[in-house]
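> TSV, C-alpha atoms, saved as work_11.tsv, coming up:
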chain	number	residue	atom	x	y	z
A	1	MET	CA	0.00	0.00	0.00
A	2	CYS	CA	1.46	3.36	-1.01
A	3	PHE	CA	0.70	6.81	-2.35
A	4	CYS	CA	1.12	7.28	-6.10
A	5	THR	CA	0.64	9.90	-8.74
A	6	ILE	CA	-1.56	8.88	-11.67
A	7	ASP	CA	-0.10	9.84	-15.03
A	8	GLY	CA	-1.65	9.67	-18.49
A	9	GLU	CA	-4.62	10.91	-20.47
A	10	GLY	CA	-8.28	10.51	-19.54
A	11	ASP	CA	-9.60	8.14	-16.87
A	12	ASP	CA	-9.30	4.76	-18.63
A	13	PRO	CA	-7.00	2.55	-16.47
A	14	VAL	CA	-5.50	1.03	-19.62
A	15	ASN	CA	-3.95	4.40	-20.48
A	16	LEU	CA	-2.79	5.39	-16.98
A	17	THR	CA	0.30	4.68	-14.89
A	18	ALA	CA	0.60	4.69	-11.09
A	19	ARG	CA	4.01	6.01	-9.95
A	20	GLU	CA	4.94	5.49	-6.31
A	21	ILE	CA	5.99	8.51	-4.24
A	22	GLU	CA	7.82	8.72	-0.93
A	23	GLY	CA	5.96	10.05	2.08
A	24	THR	CA	2.59	11.75	1.67
A	25	PRO	CA	0.87	13.82	-1.04
A	26	PHE	CA	1.27	17.04	0.96
A	27	THR	CA	4.77	17.81	-0.30
A	28	GLU	CA	6.40	17.96	-3.74
A	29	PRO	CA	6.37	14.37	-5.07
A	30	LYS	CA	9.64	12.44	-4.84
A	31	TYR	CA	9.41	9.26	-6.89
A	32	THR	CA	10.76	5.88	-5.75
A	33	GLY	CA	11.14	4.56	-9.29
A	34	ARG	CA	8.43	1.90	-8.88
A	35	GLU	CA	5.44	2.15	-11.21
A	36	TRP	CA	2.55	0.01	-12.47
A	37	ARG	CA	-0.15	0.08	-15.11
A	38	LEU	CA	-3.24	1.32	-13.32
A	39	LYS	CA	-5.29	-1.61	-14.62
A	40	ASP	CA	-3.00	-3.95	-12.66
A	41	VAL	CA	-3.40	-2.32	-9.23
A	42	ARG	CA	-6.24	-1.71	-6.80
A	43	LEU	CA	-7.08	1.88	-5.95
A	44	LEU	CA	-7.96	2.53	-2.32
A	45	ALA	CA	-9.62	5.69	-1.06
A	46	PRO	CA	-7.14	8.46	-1.95
A	47	MET	CA	-7.19	9.78	1.61
A	48	LEU	CA	-8.21	8.65	5.10
A	49	PRO	CA	-9.31	11.92	6.71
A	50	SER	CA	-9.51	12.79	10.38
A	51	LYS	CA	-13.04	13.94	9.55
A	52	VAL	CA	-15.43	14.35	6.65
A	53	VAL	CA	-17.24	17.67	6.85
A	54	ALA	CA	-20.31	17.93	4.67
A	55	ILE	CA	-22.58	20.73	3.56
A	56	GLY	CA	-26.19	19.58	3.49
A	57	ARG	CA	-28.99	21.24	1.53
A	58	ASN	CA	-26.59	23.13	-0.76
A	59	TYR	CA	-28.57	22.54	-3.99
A	60	ALA	CA	-32.06	24.07	-4.07
A	61	ASP	CA	-33.50	21.32	-6.28
A	62	HIS	CA	-32.25	18.64	-3.86
A	63	VAL	CA	-33.81	20.47	-0.90
A	64	ALA	CA	-37.18	20.37	-2.65
A	65	GLU	CA	-36.67	16.73	-3.67
A	66	VAL	CA	-35.79	15.35	-0.23
A	67	PHE	CA	-37.25	17.80	2.28
A	68	LYS	CA	-40.28	18.99	0.27
A	69	LYS	CA	-39.51	22.59	1.20
A	70	SER	CA	-37.78	25.55	-0.40
A	71	ALA	CA	-34.11	26.36	0.12
A	72	GLU	CA	-35.19	29.73	1.56
A	73	SER	CA	-36.80	27.97	4.51
A	74	LEU	CA	-34.06	25.32	4.82
A	75	PRO	CA	-30.63	26.94	4.28
A	76	PRO	CA	-27.41	24.92	3.99
A	77	THR	CA	-26.24	23.12	7.13
A	78	LEU	CA	-23.13	21.30	8.40
A	79	PHE	CA	-22.79	17.67	9.42
A	80	LEU	CA	-19.96	15.15	9.89
A	81	LYS	CA	-19.30	11.66	8.58
A	82	PRO	CA	-16.79	9.50	10.50
A	83	PRO	CA	-13.57	8.35	8.82
A	84	THR	CA	-14.74	4.75	9.33
A	85	ALA	CA	-17.40	5.38	6.67
A	86	VAL	CA	-14.75	5.94	3.99
A	87	VAL	CA	-14.13	3.28	1.34
A	88	GLY	CA	-12.42	3.44	-2.04
A	89	PRO	CA	-13.41	2.83	-5.66
A	90	ASN	CA	-15.17	-0.48	-6.36
A	91	ALA	CA	-15.43	-1.31	-2.66
A	92	PRO	CA	-18.95	-2.43	-1.78
A	93	ILE	CA	-21.47	-0.16	-0.10
A	94	ARG	CA	-22.85	-2.50	2.58
A	95	ILE	CA	-26.41	-1.81	3.69
A	96	PRO	CA	-27.42	-3.16	7.11
A	97	SER	CA	-30.91	-4.52	7.64
A	98	PHE	CA	-31.98	-1.60	9.85
A	99	ALA	CA	-31.42	0.89	6.98
A	100	THR	CA	-34.45	0.46	4.73
A	101	LYS	CA	-34.22	3.37	2.28
A	102	VAL	CA	-30.61	4.02	1.31
A	103	GLU	CA	-29.86	6.56	-1.43
A	104	PHE	CA	-26.73	7.72	-3.26
A	105	GLU	CA	-25.65	11.37	-3.37
A	106	GLY	CA	-22.98	12.15	-5.96
A	107	GLU	CA	-20.92	15.16	-4.94
A	108	LEU	CA	-17.75	17.11	-5.60
A	109	ALA	CA	-15.37	16.79	-2.64
A	110	VAL	CA	-12.48	19.00	-1.56
A	111	VAL	CA	-9.28	17.63	0.00
A	112	ILE	CA	-7.58	19.96	2.47
A	113	GLY	CA	-3.82	20.35	2.07
A	114	LYS	CA	-2.68	22.00	5.29
A	115	PRO	CA	-3.96	22.87	8.78
A	116	CYS	CA	-6.27	25.84	8.55
A	117	LYS	CA	-8.64	27.95	10.63
A	118	ASN	CA	-10.57	31.14	9.87
A	119	VAL	CA	-9.83	31.02	6.14
A	120	LYS	CA	-11.27	33.93	4.17
A	121	ALA	CA	-13.37	33.01	1.16
A	122	ALA	CA	-10.96	34.68	-1.26
A	123	ASP	CA	-8.06	32.56	0.06
A	124	TRP	CA	-9.66	29.13	-0.22
A	125	LYS	CA	-7.21	27.84	-2.85
A	126	SER	CA	-4.29	28.33	-0.47
A	127	VAL	CA	-5.51	25.50	1.80
A	128	VAL	CA	-6.79	23.02	-0.81
A	129	LEU	CA	-4.78	20.04	-2.08
A	130	GLY	CA	-7.31	19.13	-4.76
A	131	PHE	CA	-10.70	17.70	-5.70
A	132	THR	CA	-12.14	14.21	-5.65
A	133	ILE	CA	-15.59	12.58	-5.81
A	134	VAL	CA	-17.67	11.48	-2.85
A	135	ASN	CA	-20.85	9.46	-2.61
A	136	ASP	CA	-22.64	10.77	0.48
A	137	VAL	CA	-24.66	7.59	0.99
A	138	SER	CA	-27.71	8.35	3.14
A	139	SER	CA	-30.34	6.22	4.83
A	140	ARG	CA	-33.42	8.44	4.45
A	141	ASP	CA	-35.50	6.44	6.93
A	142	LEU	CA	-32.92	6.94	9.68
A	143	GLN	CA	-32.26	10.54	8.66
A	144	PHE	CA	-35.87	11.57	9.28
A	145	ALA	CA	-36.47	9.24	12.21
A	146	ASP	CA	-33.41	10.42	14.14
A	147	GLY	CA	-33.50	14.14	13.31
A	148	GLN	CA	-29.71	14.12	13.70
A	149	TRP	CA	-27.95	12.84	10.56
A	150	ALA	CA	-24.98	11.07	12.14
A	151	ARG	CA	-26.34	7.51	12.02
A	152	ALA	CA	-28.07	7.86	8.65
A	153	LYS	CA	-24.92	9.10	6.91
A	154	GLY	CA	-22.18	7.62	9.09
A	155	ILE	CA	-22.69	3.87	8.68
A	156	ASP	CA	-19.55	1.93	7.71
A	157	THR	CA	-18.96	2.11	3.90
A	158	PHE	CA	-21.38	5.06	3.51
A	159	CYS	CA	-18.66	7.40	2.23
A	160	PRO	CA	-17.11	6.07	-1.01
A	161	LEU	CA	-14.27	8.37	-2.06
A	162	GLY	CA	-12.08	8.57	-5.17
A	163	PRO	CA	-10.91	7.57	-7.63
A	164	TRP	CA	-7.97	9.95	-7.00
A	165	ILE	CA	-7.25	13.57	-6.12
A	166	GLN	CA	-7.17	16.10	-8.96
A	167	THR	CA	-4.49	18.52	-7.73
A	168	ALA	CA	-4.65	20.86	-10.75
A	169	ILE	CA	-7.41	22.85	-9.07
A	170	ASP	CA	-7.44	25.63	-11.65
A	171	SER	CA	-8.31	23.08	-14.35
A	172	ILE	CA	-11.75	22.60	-12.77
A	173	ASP	CA	-14.42	25.17	-13.67
A	174	LEU	CA	-16.38	25.41	-10.44
A	175	ASP	CA	-18.89	27.76	-12.06
A	176	ASN	CA	-19.88	25.21	-14.71
A	177	LEU	CA	-19.04	21.68	-13.57
A	178	PRO	CA	-21.32	18.80	-14.60
A	179	ILE	CA	-22.15	16.19	-11.94
A	180	LYS	CA	-23.71	12.92	-13.09
A	181	ALA	CA	-24.69	9.67	-11.39
A	182	ARG	CA	-25.71	6.45	-13.13
A	183	LEU	CA	-27.48	3.65	-11.31
A	184	THR	CA	-27.38	0.09	-12.66
A	185	HIS	CA	-30.31	-1.98	-11.41
A	186	GLU	CA	-31.07	-5.50	-12.67
A	187	GLY	CA	-28.65	-5.00	-15.55
A	188	HIS	CA	-30.20	-1.74	-16.74
A	189	THR	CA	-28.23	1.53	-16.35
A	190	GLU	CA	-30.02	4.88	-16.03
A	191	LEU	CA	-28.73	8.42	-15.63
A	192	LYS	CA	-30.22	9.64	-12.34
A	193	GLN	CA	-28.29	12.76	-11.39
A	194	ASP	CA	-27.59	15.17	-14.22
A	195	SER	CA	-26.77	18.53	-12.72
A	196	ASN	CA	-24.17	21.26	-12.52
A	197	SER	CA	-22.23	23.16	-9.87
A	198	GLN	CA	-24.02	26.30	-11.12
A	199	GLN	CA	-26.84	25.31	-8.76
A	200	MET	CA	-24.70	25.40	-5.61
A	201	ILE	CA	-26.09	27.83	-3.04
A	202	MET	CA	-22.84	28.27	-1.10
A	203	LYS	CA	-19.81	28.50	-3.38
A	204	MET	CA	-16.38	27.03	-2.64
A	205	GLY	CA	-14.86	30.01	-0.87
A	206	GLU	CA	-18.00	30.52	1.22
A	207	ILE	CA	-18.03	26.84	2.20
A	208	ILE	CA	-14.43	26.83	3.43
A	209	GLU	CA	-14.84	30.15	5.25
A	210	PHE	CA	-18.05	28.90	6.89
A	211	ILE	CA	-16.49	25.62	8.07
A	212	THR	CA	-13.17	27.01	9.28
A	213	ALA	CA	-14.89	29.70	11.30
A	214	SER	CA	-16.05	26.86	13.56
A	215	MET	CA	-13.37	24.16	13.34
A	216	THR	CA	-9.78	23.57	12.38
A	217	LEU	CA	-9.29	21.47	9.27
A	218	LEU	CA	-6.28	19.17	9.02
A	219	PRO	CA	-4.34	17.88	6.00
A	220	GLY	CA	-6.39	15.18	4.31
A	221	ASP	CA	-9.73	16.28	5.72
A	222	ILE	CA	-12.57	16.05	3.21
A	223	ILE	CA	-15.31	18.58	2.51
A	224	CYS	CA	-18.43	17.35	0.70
A	225	THR	CA	-19.94	20.31	-1.13
A	226	GLY	CA	-23.53	19.11	-1.46
A	227	SER	CA	-25.69	16.92	-3.65
A	228	PRO	CA	-27.85	17.98	-6.57
A	229	ALA	CA	-31.27	16.45	-7.21
A	230	GLY	CA	-31.75	13.01	-8.70
A	231	THR	CA	-30.92	10.84	-5.72
A	232	GLU	CA	-32.68	7.51	-5.55
A	233	ALA	CA	-32.75	4.32	-3.49
A	234	MET	CA	-30.11	1.62	-4.00
A	235	VAL	CA	-30.60	-2.06	-3.20
A	236	ASP	CA	-28.57	-5.25	-3.08
A	237	GLY	CA	-27.00	-6.02	-6.46
A	238	ASP	CA	-27.05	-2.45	-7.76
A	239	TYR	CA	-24.02	-0.50	-8.98
A	240	ILE	CA	-23.68	3.27	-8.68
A	241	GLU	CA	-21.19	5.36	-10.68
A	242	ILE	CA	-20.62	9.09	-10.23
A	243	GLU	CA	-18.84	11.10	-12.90
A	244	ILE	CA	-17.37	14.61	-12.70
A	245	PRO	CA	-15.41	15.71	-15.80
A	246	GLY	CA	-11.79	16.50	-15.04
A	247	VAL	CA	-12.00	14.70	-11.70
A	248	GLY	CA	-12.93	11.16	-12.72
A	249	ARG	CA	-15.47	8.41	-12.15
A	250	LEU	CA	-16.26	6.71	-8.84
A	251	GLY	CA	-18.11	3.40	-8.98
A	252	ASN	CA	-19.23	1.06	-6.19
A	253	PRO	CA	-21.38	-2.08	-5.99
A	254	VAL	CA	-24.16	-2.33	-3.40
A	255	GLU	CA	-24.56	-5.25	-0.99
A	256	ALA	CA	-27.09	-6.06	1.69
A	257	ILE	CA	-25.66	-7.40	4.96
Translate the structure of the given file into structure tokens.

Amino acid sequence: MCFCTIDGEGDDPVNLTAREIEGTPFTEPKYTGREWRLKDVRLLAPMLPSKVVAIGRNYADHVAEVFKKSAESLPPTLFLKPPTAVVGPNAPIRIPSFATKVEFEGELAVVIGKPCKNVKAADWKSVVLGFTIVNDVSSRDLQFADGQWARAKGIDTFCPLGPWIQTAIDSIDLDNLPIKARLTHEGHTELKQDSNSQQMIMKMGEIIEFITASMTLLPGDIICTGSPAGTEAMVDGDYIEIEIPGVGRLGNPVEAI
């Protein structure tokens, strides 16, 4: 197990190479000389954070879809997912029997690059290592039964993360970034989420300023920036894939336990 850079064009593993680096991703990469074709290795979650900080209700259409109210009456809110919920690409999302309505939420995620507190919105890039994809898996039955969201969103495996970290942050157009999720059920694949970062209520700088006003973020911490509409229940045997251009594709099978 090691940290690597991923080199090549596109996101097809056949065309990509994993090159091992010494240490962690938070410094200039120093290569060990070992490398592999990406198709021949297993990608784990690109980071194991001390915490996953998530913005809920940050897309107006998703607020209406899930909460049946307007975003004006339900503004964005903060919640946490434990690091034990994190899994990597192609790792199964395991649904326990007490969670009876589990939905995917495809989201853009931010990886923090250095300790930070009280970051001003205009300075957000100075504390960010890069972007990745997160599936904020949510048990709607528990979410509404509990009131608090910790159990509904914090179950083991309920935070798929990956496939890697896009560190060229200026290559990502946060004002016009498509977010798509495709659900495969009984062999049939349908596009469920088909949205754009244009619909975000709180923008990236606002999100980081809002969070760091309350808590210190550490290197490797993850920020989930909110889910657009189109979420839907997943069941045993399904497969969910989230795609964000320039960041990659994150796919995971679903299992009942």
> With a distance cut-off of 7 Å and all atoms listed in the file, select the neighbouring residues of stretch 191-193 of chain A, excluding the residue or stretch itself and same-chain residues fewer than 2 positions from it, and output the selection as a ChimeraX atom specification.
/A:180-183,189,195,229-231
> Take atom CA of A:Glu22 and atom CA of A:Ser50 and report the distance between them in Å, one decimal.
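Going from atom CA of A:Glu22 over to atom CA of A:Ser50 covers 21.1 Å.
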> Find the residues with any atom within 9 Å of (-12.3, 19.3, -13.1); use only C-alpha atoms and the coordinates as given in the file, and write the answer as a ChimeraX atom specification.
/A:131,166,168-174,177,244-248
> Atom CA of A:Ala213 and atom CA of A:Val128, how far apart in Å?
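So the two atoms, atom CA of A:Val128 and atom CA of A:Ala213, lie 16.0 Å apart.
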> For a quick check of understanding, using all atoms listed in the file, which of A:Phe26, A:Phe144, A:Trp124, A:Tyr59 has the smallest distance to A:Thr77?
A:Tyr59
> How far is it from atom CA of A:Glu35 to atom CA of A:Cys159, in Å with one decimal?
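For atom CA of A:Glu35 relative to atom CA of A:Cys159, the distance reads 28.1 Å.
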> Show which residues sit within 10 Å of A:Glu186, as a PyMOL selection string. Count all atoms listed in the file, and ignore same-chain residues fewer than 5 positions away.
chain A and resi 236-239
